[in-house]
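One structure is given below, encoded as structure tokens.
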Amino acid sequence: MLETLELPFVQRGLFELLILAVPAGLLGTWIVLRGLAFFSHAVGTAAFPGLVLADGLGFAAPLGAFAAAIAFTLGNAALGRGRDQGRDSIVALVLVACLAGGVLLASDVFGSGANVETLLFGSLLLIDGSDLVLAAVAAAATLAANVVVGRRWLAHGFDPGARPASRGEARLLDALLLGLIALATTAALTAVGALLVASLFVVPAATARLLTGRMRSWQLASVALVAVEGTLGLWLSVETDAPPGATIACVAGGLFALVALGRALARAPRRQASLAAAALALALLAAGCGAAGSDDDGRLEVVATTTQVGDWVREVGGGAVAVDQVLEPNTDPHEYEPRPSDVEAAAGADLVFASGDDLDSWIEEIVSDSGSDATVVDLGAGVPERLPGEDSGEEASRFDPHWWHDPRNAEAAVREIERRLAAADPARRAEFQRNADAYLGRLRRLDAGIAACIGAVPASERKLVTDHDAFGYFANRYGIEVVGAVIPSQTTQAQASAKDVSELIGLIEREGVKAVFPESSLSANVAEAISRQTGASADYELYGDTLGPADSDGATYLTMEAANAEAIVRGFTGGRRGCRLSP
Amino acid sequence: MLEPLQEPFMQRAIAEMTMLALAGAAVGCWVVLFELSYATESLAHSLFPGLVVAAIAGLPLLLGATPAVVLAALAIALASRVQGVSRDLAVAVVVTTMFGLGALLALSPDSPPGIESLLFGDILGPTDGDLIASAALLALLVVTLPLLHARLLATGFDRGAASALGLSPGRWEAALTVLLALAIVVAVQGLGNLLVVAVFVGPAAAARNLTSRMGPMIAVAAAIAVLAGLAGLYLSYYAGTAGGASVALAIVAAYLLSLPARHLRLPRAARAGATIG
Amino acid sequence: MPAQPLIEASGLALGYGTGPAAVTDVSFRLEVGQRLALLGPNGGGKTTVLRALLGELRPRAGTLRVAASCGSVPQTDRSRLDYPVSALEVAAMGTLSRLPWWRGPGREGREQALRALERVGLERLAGDTFGELSGGQRQRVLIARALVQDARVLLMDEPFSGLDHPASERLEALIETLAAEGHAIVVATHDLEQARRWDSVLCVNGRQIAVGPPLEVLDREVLEATYGGAIVEIPGTGSRAILPPHHHDH
């Protein structure tokens, strides 16, 4: 368990959570007391478009988030002026507008630049210094306010009818509380995301409420619970390789259930509940102490980012190399969120192989976070065939990153892998060379076979319509024309618009294409709708960004390219002909 | 202007949207009257893990959504019975935890990517199953809402008097909640579980600003919902904006447009104490 | 001639949820044609008693026999002013007590509602939105609802609060008429003079202080126990009035 705590990114995450425990715990009690649970969840959610805006325009995320949070708070007050009830409809509508606005910004203004999932669910591993500073500011402000106006808040909360010094003062008190909630939730956004702030701000305070009713002890218990749940959640997420924000939410909810259950069953609720909690903590500690350490058996420790790269390294390295592959099959590299185990693996790596061209730029942070001094080898940098990339949007990169679909590039990459492995472990140089040679022989045979198969299709019928611009290199190599895409960018995050769909249908009908190729790792609903209208089949799947799972026909690089070729030719010929290659 | 109507995929999208709009508006009028917006939002959020499980297992989303709703309702009922925990708080705790659970499952490596369609909906690509489910929901509402109308109206107006009249308010409120849950489960396909609350709350709240009788309110809400849905789809068609998000924003825009009418309709005293709209 | 009482309560204890008892020791009888004033401070249990009589609240102890249907005339607090119903529709809600669960008031129900509104003098305002009526008019619409319901007992929660003098007089006259027709009426009120004019008073403040004919029951001791000592002599008239606690109602 203690090894986990030595990793720098874990330490940062821990600090962030411990600092956040102060505002989250304190404000949590006020949130519960004043019935502001919905509001605090809402203000976090409302920050989402601010985050998208910040990400798209390139300024600091907390600024965008805070601006959005304040705008939400003010807009909420303006629309709800003069009502005591019925705010919920308004808040619900405002939230929807914020979420929809954020999606629109991400999809259509910035070209799906923002990593929507990270913004919604947090990324404890990517916390940097500015986040810690913001958290500290929020903590200090909350503490100060609690000391100075805590008593007034309490009076106002218990009897809104009791008149404070003036109506203006009541408004100020409320504004201060709401403003602090906005500030603190903004600080928490990086850690747990826009949708899960309640797991820090509401659930622990609610749990603490079950244990004590007096304000002072309630606040202390609340802060303590946030700290404990945050730490436990973080540690669990590292051990089980799960996203931290969601793990914390589950821990918080589970603890609440435990305490509530304890209270319901036992005669001495407080003792029982803390006993149960202690028992649980002990159990987890025991489990943690049995955590596996890294094994060192004399093999080269290599980290590979993508499935293709991992496949090549395993082919060339054979038994001499232990490969830690970051991406799983069918995981989209563009929207990948690094896991704690990735950073752990990087920490012990001798070599790191990356695909390059912004496809897996997250590897840089992983490596630096892990404190490893392994070099990141950009395999894409040295390949012979380069096509230009998207010139706008977040995926704007100089070169199209899907270079591996051209076997000439694959060959260059394999050679580079061989070279680097040999440099790292010179004793095995001959073995690596043998493996590489054999592999490249198979690759060249495959290349020839695909070329012949596709060449047999008349040039005018070699039109490929797919919803992922991942096949530029393949098309370039084998003389195929790529026609349009449902989601016309090189990421897979945008929500489709009716215009895109309509235009693509028009294109298909004009070009007389017989098949549409949905990317196997994308939802095929929209592609299905298109094929329904045009008669073009949508049954064939292609492997664009990653290899397929172990039991599929795309499990290795060679079988993947063969499978793609088979599917494509079947599509061209309306199912009549395939390729029948055996790589 | 008629171009979108001639494309088959748009016809399907419009059909799905229209059915969801009608269903959402009708149930939504009661949601707004009984102040169930928060409950709607929470129900939708708590569906999330069910949707993810169904998506991972390759099952139709409805099969995942239904047990999730039941589980959430049970958990909320249990949590509310703990002393010191108000119903709102119970909802917040349960929903956050279930949403977190859903995120845990969705972001694990085993799950297929594309969870955006669960979050934000897939209005442009309704399957035959989705269309049938929406039609069935609409048929159910057409049959049951008129039957419930008078007693829901009386119960929402004056719960105490409803008891005196021999109605058991709890029963009618439960019936409404069940219908609401069913409607959410069906509508979540088209609009996603983050945006689905729009179709229930927006048109009804807008209609509330424009009318002062329940019957016309439902009719106006339905009309607004259908028009806003169409507007959103047209926007997506001509301006190339994301489908589900465009519909949601069109609904919110309709509500904002209805706000001035509210000041014209209500006398000041009633407006100050008003709860709905 | 001792007819069956419409309501008979004995040793009632009432409370909410698992909290302490809100009011205890409630025992009284309500006869046909009786006007009963329910007196007590705010928070003393008047509304709780009314809710129990309506059937909304189950007694924790004691017995309660309600032999007739009760019509509820609650305070129209601000939350219901925005409800999208007309006066006619509110009155028509009374028919629901008689109809099977799948049927609404219909044309017949609306006609009954219109006749009830005539009886309370509001037929001209039948089409108006309920929330747009004045306080006194709203009370009368709710009475109409109870009449449509064929309720023999009317339970009214502070119907006179906020009414000006003419509206107050009108309402009291209506109550007198209804009592003469055989209805029994329980009115929670703060007006001692009014209570004196009626048949019976019931004083509660966390528990039942006294019940019986007003002239017998309403002495200084009872009033002080009920209101906690805020009795004021009105100079020049020799009569007493209660100073209700200052209520924040905005």
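By order in the structure tokens, chains are A, B, ...; within a chain, residues start at 1; ligands start at 1, following the order shown.
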Distance filter 7 Å, only C-alpha atoms, chain A against chain B, as a ChimeraX atom specification
/A:37,82-83,85-86,88-89,92-93,96-97,100,103-104,107-108,196,198-199,203,210,242-243,246-247,249-250,253,260,328,330-332,495-500,521-523,525-526,529-530,533
Resulting file, chosen residues, C-alpha atoms, as a CSV table (one decimal), in the first residue's frame:
```csv
chain,number,residue,atom,x,y,z
A,37,ALA,CA,-27.8,19.5,-2.6
A,82,GLY,CA,-39.7,36.3,-6.1
A,83,ARG,CA,-40.3,32.5,-5.9
A,85,GLN,CA,-40.8,27.1,-4.8
A,86,GLY,CA,-40.7,26.1,-8.4
A,88,ASP,CA,-36.4,23.3,-9.5
A,89,SER,CA,-38.0,23.5,-12.9
A,92,ALA,CA,-33.3,21.8,-14.4
A,93,LEU,CA,-33.8,23.8,-17.5
A,96,VAL,CA,-29.9,21.2,-19.6
A,97,ALA,CA,-29.0,24.4,-21.4
A,100,ALA,CA,-26.4,21.0,-24.3
A,103,VAL,CA,-21.9,19.6,-26.2
A,104,LEU,CA,-22.6,22.0,-29.0
A,107,SER,CA,-19.0,19.2,-31.2
A,108,ASP,CA,-19.5,22.0,-33.6
A,196,LEU,CA,-19.8,14.1,-9.4
A,198,ALA,CA,-21.9,15.9,-4.8
A,199,SER,CA,-19.8,12.9,-3.9
A,203,VAL,CA,-22.7,12.6,0.6
A,210,LEU,CA,-26.1,10.4,10.8
A,242,ALA,CA,-10.6,2.5,-12.0
A,243,PRO,CA,-11.4,6.2,-12.7
A,246,ALA,CA,-16.3,7.5,-9.9
A,247,THR,CA,-14.5,5.4,-7.3
A,249,ALA,CA,-18.5,8.4,-5.5
A,250,CYS,CA,-19.0,4.7,-4.9
A,253,GLY,CA,-22.3,6.1,-1.2
A,260,ALA,CA,-27.3,4.2,7.9
A,328,GLU,CA,-7.0,-2.1,-24.6
A,330,ASN,CA,-11.6,-1.1,-28.9
A,331,THR,CA,-10.5,1.7,-26.6
A,332,ASP,CA,-10.4,5.0,-28.4
A,495,GLN,CA,-22.4,14.1,-31.6
A,496,ALA,CA,-23.6,13.8,-35.2
A,497,SER,CA,-25.7,16.5,-36.8
A,498,ALA,CA,-28.5,15.9,-39.2
A,499,LYS,CA,-26.7,18.0,-41.8
A,500,ASP,CA,-23.7,15.7,-41.7
A,521,SER,CA,-15.3,0.7,-31.9
A,522,LEU,CA,-18.1,3.3,-32.6
A,523,SER,CA,-21.8,3.0,-32.0
A,525,ASN,CA,-26.8,3.5,-35.0
A,526,VAL,CA,-26.3,6.5,-37.2
A,529,ALA,CA,-29.8,4.8,-40.4
A,530,ILE,CA,-27.8,5.8,-43.4
A,533,GLN,CA,-31.9,4.9,-46.6
```
At most 7 Å is the cut-off: for each residue in chain C with any atom that close to an atom of chain B, write down the nearest atom pair and the distance in Å rounded to one decimal, counting only C-alpha atoms, chain first then increasing number, as CSV.
```
residue,atom,partner,partner_atom,distance
C:Leu54,CA,B:Ala164,CA,5.3
C:Gly55,CA,B:Ser163,CA,6.5
C:Glu56,CA,B:Ser163,CA,6.1
C:Cys70,CA,B:Ala164,CA,6.1
C:Gly71,CA,B:Ala164,CA,6.3
C:Ser72,CA,B:Ala161,CA,5.2
C:Arg78,CA,B:Gly273,CA,5.2
C:Ser79,CA,B:Thr275,CA,6.0
C:Arg80,CA,B:Phe157,CA,6.6
C:Leu81,CA,B:Ala270,CA,5.8
C:Asp82,CA,B:Ala274,CA,5.1
C:Tyr83,CA,B:Phe157,CA,6.9
C:Pro84,CA,B:Arg213,CA,4.3
C:Val85,CA,B:Arg213,CA,5.2
C:Met93,CA,B:Ala154,CA,6.2
C:Gly94,CA,B:Leu165,CA,6.8
C:Leu96,CA,B:Leu165,CA,6.6
C:Ser97,CA,B:Leu165,CA,4.7
C:Trp102,CA,B:Leu147,CA,5.1
C:Arg103,CA,B:Leu147,CA,6.8
C:Gly104,CA,B:Ala150,CA,5.4
C:Gly131,CA,B:Ala270,CA,6.7
```
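The spacing separating CA of Ala221 in chain A from CA of Ser130 in chain A amounts to 27.8 Å.
If you measure from each of B:Val178, B:Met1, B:Ile56, B:Leu22 to Ala223 in chain B using only C-alpha atoms, the closest one turns out to be B:Leu22.
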Do you know which residues are at most 9 Å from Leu64 in chain C counting only C-alpha atoms, after dropping those on the same chain fewer than 5 positions away, and could you put them as a ChimeraX atom specification?
/C:7-12,27,52-53,59
Export, as a compact mmCIF listing (two decimals), in the first residue's frame, the selected residues with C-alpha atoms.
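See selection.txt below for the written result:
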```txt
# COMPACT_ATOMS: atom_id res chain seq x y z
CA ILE C 7 -68.25 13.20 14.93
CA GLU C 8 -67.27 11.60 18.20
CA ALA C 9 -63.74 11.81 19.50
CA SER C 10 -62.47 10.34 22.76
CA GLY C 11 -59.00 10.73 24.21
CA LEU C 12 -57.35 11.40 20.86
CA SER C 27 -62.57 14.50 23.31
CA ALA C 52 -57.27 14.02 11.78
CA LEU C 53 -60.95 14.71 11.22
CA PRO C 59 -54.77 8.85 15.67
```
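Of the residues in range 314-458 of chain A, those that DSSP places in strand (DSSP E or B) on the basis of the backbone are Val321, Ala322, Val323, Asp324, Gln325, Leu351, Val352, Phe353, Ala354, Val376, Val377, Asp378, Pro388 and Phe399 of chain A.
For the pair CA of Ile366 in chain A and CA of Val326 in chain A, the interatomic distance is 10.4 Å.
Separating CA of Val376 in chain A from CA of Val323 in chain A is a distance of 14.4 Å.
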For the alpha helix (DSSP H) assignment from backbone DSSP, which residues of range 51-123 of chain C qualify? Please present them as a count of residues only.
24
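Remark: for Phe201 in chain A, the closest of the candidate residues A:Ala410, A:Leu265, A:Leu27, A:Ile450 is A:Leu27 (distances computed over only C-alpha atoms).
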